[in-house]
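Undergrad: Quick one: this structure, given as structure tokens, is what I'll be asking you about.
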Amino acid sequence: MTTPKTLLEVRDLTVEFPAGAGRKVHAVSGVNFDVYQGETLGLVGESGCGKSTTGRAILQLPRPTSGSIVYNGRELTNLHGEELRAVRRDLQMIFQDPISSLNPRRRVRDIIGEPLAIWNVGTKEEREDKVRELLDAVGLDVAAAGRRPHEFSGGQCQRISIARALALDPNLIICDEPVSALDVSVQAQILNLLEDMKERYGLTLIFVSHNLGVVKNVSDRVAVMYLGKIVELAGAEELYARPLHHYTAALLDSIPVPDPTVRPGAAPDAVAGDPPSPIDPPSGCRFRTRCPRAEPYCAEVEPPLAELKPGHFVACHFPIGETDGA
């Protein structure tokens, strides 16, 4: 089997924000993962776990506090000015709120064509042809080019955002909760569109979401984050069938079952309470304060992200199904 090309390497990524009185918000703490050419990597976790910050830090928005981000062989954290700007043609983002991410004063043709105009791609006529091609590709009538964002539904605005992200023929697109603000019926349409665009344009995607049900359908691999750390990383089928981390298992147990005859009930090892503050995270394993399997050792030593099975990584001293101690 051919080893896929590594497109993005993230090593020891740390992002911190000042919180006043000399304190810091530890938004992302020492995150490591790779993204392979042509795959979709799902990044999931509760609100506030640092998944969106991780996606934005890859684009250097904001710049990481420390760590390394290597895209296609180039270290992004060392780039500035025009060098960084040139690389960003290859890296695009689709935002969570499709309506607020579009300029309400501009017409759709200008919104989609702006990246082409900024980079002076082709002639004016060629740019107009590209806009029409993109509108057709995302399933919008070409006649919509002269309208403004407020004349569209949320799902249609997200299609416009996808078209804008595709304008410069990027290689990697970070999808930051792209369907969470949409109706359930529209979510499926946008997910199918992203899959079609991935196939048509040869894209690589990082799909950020708190919805594990959505992530399973679109991801090749899934990374689970908790309080700024990746606690489990595996192929989507493997992770959903045989989770090794107690937090991942709790998230999977929380997915609603679309069957009125099934009564919701607490899992035997259900997670209780809220995540600790990222300003003062727990010592050792950050999940230990909510973990049903926690031992005193978990407060003393932070578990590394280790490969317990081929391609299946977990950061836990007492993973599910393992009887050995630390």
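Simple scheme: letters A, B, ... for chains in structure tokens order, numbers from 1 for residues in each chain, numbers from 1 for ligands in the order shown.
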So which bits of region 4-123 of chain A end up alpha helix (DSSP H) when you DSSP the backbone, as a list in words?

TA: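 Selecting the alpha helix (DSSP H) positions of region 4-123 of chain A gives Lys51, Ser52, Thr53, Thr54, Gly55, Arg56, Ala57, Ile58, Gly81, Glu82, Glu83, Leu84, Arg85, Ala86, Val87, Val108, Arg109, Asp110, Ile111, Ile112, Gly113, Glu114, Pro115, Leu116, Ala117 and Ile118 of chain A.
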
Undergrad: Could you build a table of the residues in region 186-243 of chain A lying no more than 12 Å from region 53-69 of chain A, giving for each the nearest pair of atoms and their separation in Å rounded to one decimal place, using only C-alpha atoms, ordered by chain and ascending residue number, as a tab-separated table?

TA:
residue	atom	partner	partner_atom	distance
A:Leu205	CA	A:Gly55	CA	10.8
A:Ile206	CA	A:Gly55	CA	7.7
A:Phe207	CA	A:Gly55	CA	9.0
A:Val208	CA	A:Gly55	CA	7.6
A:Ser209	CA	A:Gly55	CA	11.0
A:Ala223	CA	A:Thr54	CA	11.7
A:Met225	CA	A:Thr54	CA	10.1
A:Leu227	CA	A:Thr53	CA	11.6
A:Gly228	CA	A:Thr54	CA	8.8
A:Lys229	CA	A:Thr54	CA	10.2
A:Ile230	CA	A:Thr54	CA	10.7

Undergrad: Grab the residues selected above and save them as a compact mmCIF listing (two decimals), in the first residue's frame with N, CA, C and O atoms.

TA:
# COMPACT_ATOMS: atom_id res chain seq x y z
N LEU A 205 -9.07 18.51 3.27
CA LEU A 205 -9.93 19.25 4.19
C LEU A 205 -9.57 18.96 5.64
O LEU A 205 -9.25 17.82 6.00
N ILE A 206 -9.65 19.99 6.47
CA ILE A 206 -9.69 19.84 7.92
C ILE A 206 -11.09 20.27 8.34
O ILE A 206 -11.47 21.43 8.14
N PHE A 207 -11.87 19.34 8.87
CA PHE A 207 -13.28 19.60 9.17
C PHE A 207 -13.45 19.73 10.68
O PHE A 207 -13.38 18.76 11.41
N VAL A 208 -13.68 20.96 11.14
CA VAL A 208 -13.83 21.26 12.56
C VAL A 208 -15.30 21.21 12.93
O VAL A 208 -16.13 21.85 12.27
N SER A 209 -15.64 20.46 13.97
CA SER A 209 -17.05 20.36 14.37
C SER A 209 -17.16 19.80 15.78
O SER A 209 -16.26 19.11 16.27
N ALA A 223 -9.58 13.40 14.88
CA ALA A 223 -8.80 13.76 16.06
C ALA A 223 -9.76 14.36 17.09
O ALA A 223 -10.52 15.27 16.77
N MET A 225 -10.34 16.41 20.54
CA MET A 225 -9.66 17.37 21.41
C MET A 225 -10.42 17.57 22.71
O MET A 225 -11.65 17.54 22.75
N LEU A 227 -9.84 20.28 26.06
CA LEU A 227 -9.14 21.31 26.82
C LEU A 227 -7.75 21.59 26.25
O LEU A 227 -6.76 21.62 26.97
N GLY A 228 -7.69 21.77 24.93
CA GLY A 228 -6.45 22.17 24.28
C GLY A 228 -5.51 21.04 23.92
O GLY A 228 -4.42 21.29 23.40
N LYS A 229 -5.93 19.79 24.15
CA LYS A 229 -5.08 18.64 23.86
C LYS A 229 -5.80 17.68 22.94
O LYS A 229 -7.03 17.53 23.01
N ILE A 230 -5.06 16.98 22.08
CA ILE A 230 -5.62 15.86 21.33
C ILE A 230 -5.51 14.62 22.21
O ILE A 230 -4.42 14.25 22.65

Undergrad: Using DSSP on the backbone coordinates, identify the residues of region 27-113 of chain A assigned to strand (DSSP E); present them as a ChimeraX atom specification.

TA: /A:27-36,40-44,66-71,74-75,91-94

Undergrad: With C-alpha atoms retained, could you export that selection as a compact mmCIF listing (two decimals), in the first residue's frame?

TA:
# COMPACT_ATOMS: atom_id res chain seq x y z
CA ALA A 27 -6.27 27.49 24.29
CA VAL A 28 -4.06 24.92 22.53
CA SER A 29 -1.29 23.08 24.35
CA GLY A 30 1.31 21.01 22.53
CA VAL A 31 -0.87 19.58 19.75
CA ASN A 32 0.64 17.17 17.20
CA PHE A 33 -0.91 15.75 14.04
CA ASP A 34 -0.36 15.26 10.31
CA VAL A 35 -2.75 15.83 7.42
CA TYR A 36 -2.30 13.71 4.31
CA THR A 40 -10.43 14.84 5.34
CA LEU A 41 -9.27 15.11 8.93
CA GLY A 42 -12.08 15.68 11.41
CA LEU A 43 -11.28 17.78 14.48
CA VAL A 44 -13.94 17.35 17.18
CA SER A 66 5.10 28.27 19.90
CA GLY A 67 5.39 25.13 17.82
CA SER A 68 5.91 24.20 14.19
CA ILE A 69 3.50 24.17 11.24
CA VAL A 70 5.01 22.77 8.04
CA TYR A 71 2.86 23.00 4.92
CA ARG A 74 7.58 25.05 4.22
CA GLU A 75 7.63 26.22 7.82
CA LEU A 91 -4.83 27.70 2.31
CA GLN A 92 -8.43 28.82 2.63
CA MET A 93 -11.14 28.76 5.29
CA ILE A 94 -14.91 28.31 5.32

Undergrad: Please provide the set of residues having any atom within 10 Å of Asp280 (chain A), restricted to only C-alpha atoms, with same-chain residues fewer than 3 positions apart removed, written as a list in words.

TA: Arg23, Lys24, Val25, His26, Pro276, Ser277 and Ser283 of chain A

Undergrad: Write the residues of the preceding selection, restricted to all heavy atoms, as a compact mmCIF listing (two decimals), in the first residue's frame.

TA:
# COMPACT_ATOMS: atom_id res chain seq x y z
N ARG A 23 -2.29 36.18 34.02
CA ARG A 23 -2.78 34.83 33.70
C ARG A 23 -2.86 34.65 32.18
O ARG A 23 -2.85 35.60 31.42
CB ARG A 23 -4.15 34.60 34.33
CG ARG A 23 -4.17 34.72 35.85
CD ARG A 23 -5.56 34.49 36.39
NE ARG A 23 -6.52 35.44 35.83
CZ ARG A 23 -7.85 35.34 35.96
NH1 ARG A 23 -8.36 34.33 36.64
NH2 ARG A 23 -8.64 36.25 35.42
N LYS A 24 -2.97 33.38 31.76
CA LYS A 24 -3.06 33.05 30.35
C LYS A 24 -4.18 32.05 30.12
O LYS A 24 -4.44 31.18 30.96
CB LYS A 24 -1.75 32.44 29.85
CG LYS A 24 -0.55 33.35 29.90
CD LYS A 24 0.68 32.62 29.41
CE LYS A 24 1.92 33.53 29.46
NZ LYS A 24 3.14 32.78 29.01
N VAL A 25 -4.82 32.17 28.97
CA VAL A 25 -5.76 31.15 28.50
C VAL A 25 -4.96 30.15 27.68
O VAL A 25 -4.40 30.49 26.64
CB VAL A 25 -6.89 31.76 27.65
CG1 VAL A 25 -7.79 30.66 27.09
CG2 VAL A 25 -7.71 32.74 28.47
N HIS A 26 -4.91 28.91 28.13
CA HIS A 26 -4.17 27.87 27.43
C HIS A 26 -5.11 27.23 26.41
O HIS A 26 -5.67 26.15 26.63
CB HIS A 26 -3.65 26.84 28.42
CG HIS A 26 -2.77 27.42 29.49
ND1 HIS A 26 -1.41 27.58 29.32
CD2 HIS A 26 -3.05 27.91 30.73
CE1 HIS A 26 -0.89 28.13 30.40
NE2 HIS A 26 -1.86 28.34 31.28
N PRO A 276 -12.88 21.99 32.99
CA PRO A 276 -12.19 23.00 33.81
C PRO A 276 -11.84 24.23 32.98
O PRO A 276 -11.90 24.21 31.75
CB PRO A 276 -10.92 22.26 34.27
CG PRO A 276 -11.21 20.80 34.07
CD PRO A 276 -12.14 20.73 32.90
N SER A 277 -11.46 25.29 33.66
CA SER A 277 -11.09 26.51 32.97
C SER A 277 -9.76 26.34 32.25
O SER A 277 -8.80 25.81 32.82
CB SER A 277 -10.98 27.67 33.97
OG SER A 277 -10.40 28.80 33.36
N SER A 283 -3.54 19.45 36.54
CA SER A 283 -2.23 18.84 36.36
C SER A 283 -2.40 17.45 35.75
O SER A 283 -3.48 16.87 35.77
CB SER A 283 -1.52 18.73 37.71
OG SER A 283 -2.26 17.89 38.58

Undergrad: Could you jot down the CA of Arg242 (chain A) to CA of His312 (chain A) separation for me, Å, one decimal place?

TA: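 These two atoms are separated by 9.9 Å.
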
Undergrad: What does the distance between CA of Ile162 (chain A) and CA of Pro4 (chain A) come to in Å, to one decimal place?

TA: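 Between CA of Ile162 (chain A) and CA of Pro4 (chain A) the gap works out to 25.7 Å.
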
Undergrad: Taking only C-alpha atoms into account, name the residue in A:Val10, A:Ala167, A:Val222, A:Leu194 that is nearest to Tyr240 (chain A).

TA: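 Among the listed residues, the smallest separation from Tyr240 (chain A) belongs to A:Val222.
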
Undergrad: Rank A:Glu302, A:Asp220, A:Glu195, A:Glu322 by their smallest atom-to-atom distance to Leu244 (chain A), using only C-alpha atoms, and report the top residue only.

TA: A:Glu322

Undergrad: For CA of Gly113 (chain A) and CA of Pro98 (chain A), determine how far apart the two atoms are, in Å to one decimal place.

TA: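 CA of Gly113 (chain A) sits 17.1 Å away from CA of Pro98 (chain A).
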
Undergrad: Which residues are close to region 196-204 of chain A, i.e. within 7 Å by only C-alpha atoms, leaving aside same-chain residues fewer than 5 positions away? Reply as a PDB file with C-alpha atoms, in the first residue's frame.

TA:
ATOM      1  CA  GLN A  37      -2.841  14.894   0.758  1.00  0.00           C
ATOM      2  CA  GLY A  38      -6.426  14.289  -0.352  1.00  0.00           C
ATOM      3  CA  GLU A  39      -7.862  13.270   3.021  1.00  0.00           C
ATOM      4  CA  THR A  40     -10.427  14.844   5.338  1.00  0.00           C
ATOM      5  CA  ASN A 171      -4.967  22.780  -1.877  1.00  0.00           C
ATOM      6  CA  LEU A 172      -6.098  22.794   1.768  1.00  0.00           C
ATOM      7  CA  ILE A 173      -9.388  24.164   3.117  1.00  0.00           C
TER       8      ILE A 173
END

Undergrad: So which residues touch Arg288 (chain A) within 12 Å, counting only C-alpha atoms, skipping near sequence neighbours fewer than 4 positions away, as a PyMOL selection string?

TA: chain A and resi 226-227+231+245-247+271-273+275-276+281-284+292-303+315-318

Undergrad: Using only C-alpha atoms, please write the residues we just selected to a file, as a PDB file, in the first residue's frame.

TA:
ATOM      1  CA  TYR A 226     -10.223  18.112  25.080  1.00  0.00           C
ATOM      2  CA  LEU A 227      -9.145  21.313  26.819  1.00  0.00           C
ATOM      3  CA  VAL A 231      -6.673  12.826  23.369  1.00  0.00           C
ATOM      4  CA  HIS A 245     -10.275   7.135  25.378  1.00  0.00           C
ATOM      5  CA  HIS A 246     -13.039   7.559  27.958  1.00  0.00           C
ATOM      6  CA  TYR A 247     -13.824  11.052  26.696  1.00  0.00           C
ATOM      7  CA  VAL A 271     -19.007  12.073  32.026  1.00  0.00           C
ATOM      8  CA  ALA A 272     -20.396  14.590  34.480  1.00  0.00           C
ATOM      9  CA  GLY A 273     -19.791  18.286  34.998  1.00  0.00           C
ATOM     10  CA  PRO A 275     -14.679  21.192  31.524  1.00  0.00           C
ATOM     11  CA  PRO A 276     -12.193  22.997  33.807  1.00  0.00           C
ATOM     12  CA  PRO A 281      -6.073  23.442  33.562  1.00  0.00           C
ATOM     13  CA  PRO A 282      -5.637  20.396  35.814  1.00  0.00           C
ATOM     14  CA  SER A 283      -2.231  18.840  36.357  1.00  0.00           C
ATOM     15  CA  GLY A 284      -1.360  15.572  34.662  1.00  0.00           C
ATOM     16  CA  PRO A 292     -14.647   7.634  35.538  1.00  0.00           C
ATOM     17  CA  ARG A 293     -11.343   5.703  35.431  1.00  0.00           C
ATOM     18  CA  ALA A 294      -9.057   8.352  36.961  1.00  0.00           C
ATOM     19  CA  GLU A 295      -6.405   7.297  39.474  1.00  0.00           C
ATOM     20  CA  PRO A 296      -4.034   9.420  41.627  1.00  0.00           C
ATOM     21  CA  TYR A 297      -1.298   8.707  39.066  1.00  0.00           C
ATOM     22  CA  CYS A 298      -3.312  10.608  36.451  1.00  0.00           C
ATOM     23  CA  ALA A 299      -2.833  13.833  38.433  1.00  0.00           C
ATOM     24  CA  GLU A 300       0.914  13.381  38.560  1.00  0.00           C
ATOM     25  CA  VAL A 301       1.905  12.433  35.012  1.00  0.00           C
ATOM     26  CA  GLU A 302       0.477  13.698  31.727  1.00  0.00           C
ATOM     27  CA  PRO A 303      -0.213  10.777  29.370  1.00  0.00           C
ATOM     28  CA  ALA A 315      -3.439   9.837  25.427  1.00  0.00           C
ATOM     29  CA  CYS A 316      -4.617   7.841  28.453  1.00  0.00           C
ATOM     30  CA  HIS A 317      -2.925   5.875  31.245  1.00  0.00           C
ATOM     31  CA  PHE A 318      -5.886   3.502  31.454  1.00  0.00           C
TER      32      PHE A 318
END

Undergrad: Given only C-alpha atoms as the basis, pick out the residue of A:Arg159, A:Ala144, A:Val108, A:Glu46 nearest to Ala250 (chain A).

TA: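 Comparing A:Arg159, A:Ala144, A:Val108, A:Glu46 against Ala250 (chain A), the winner is A:Glu46.
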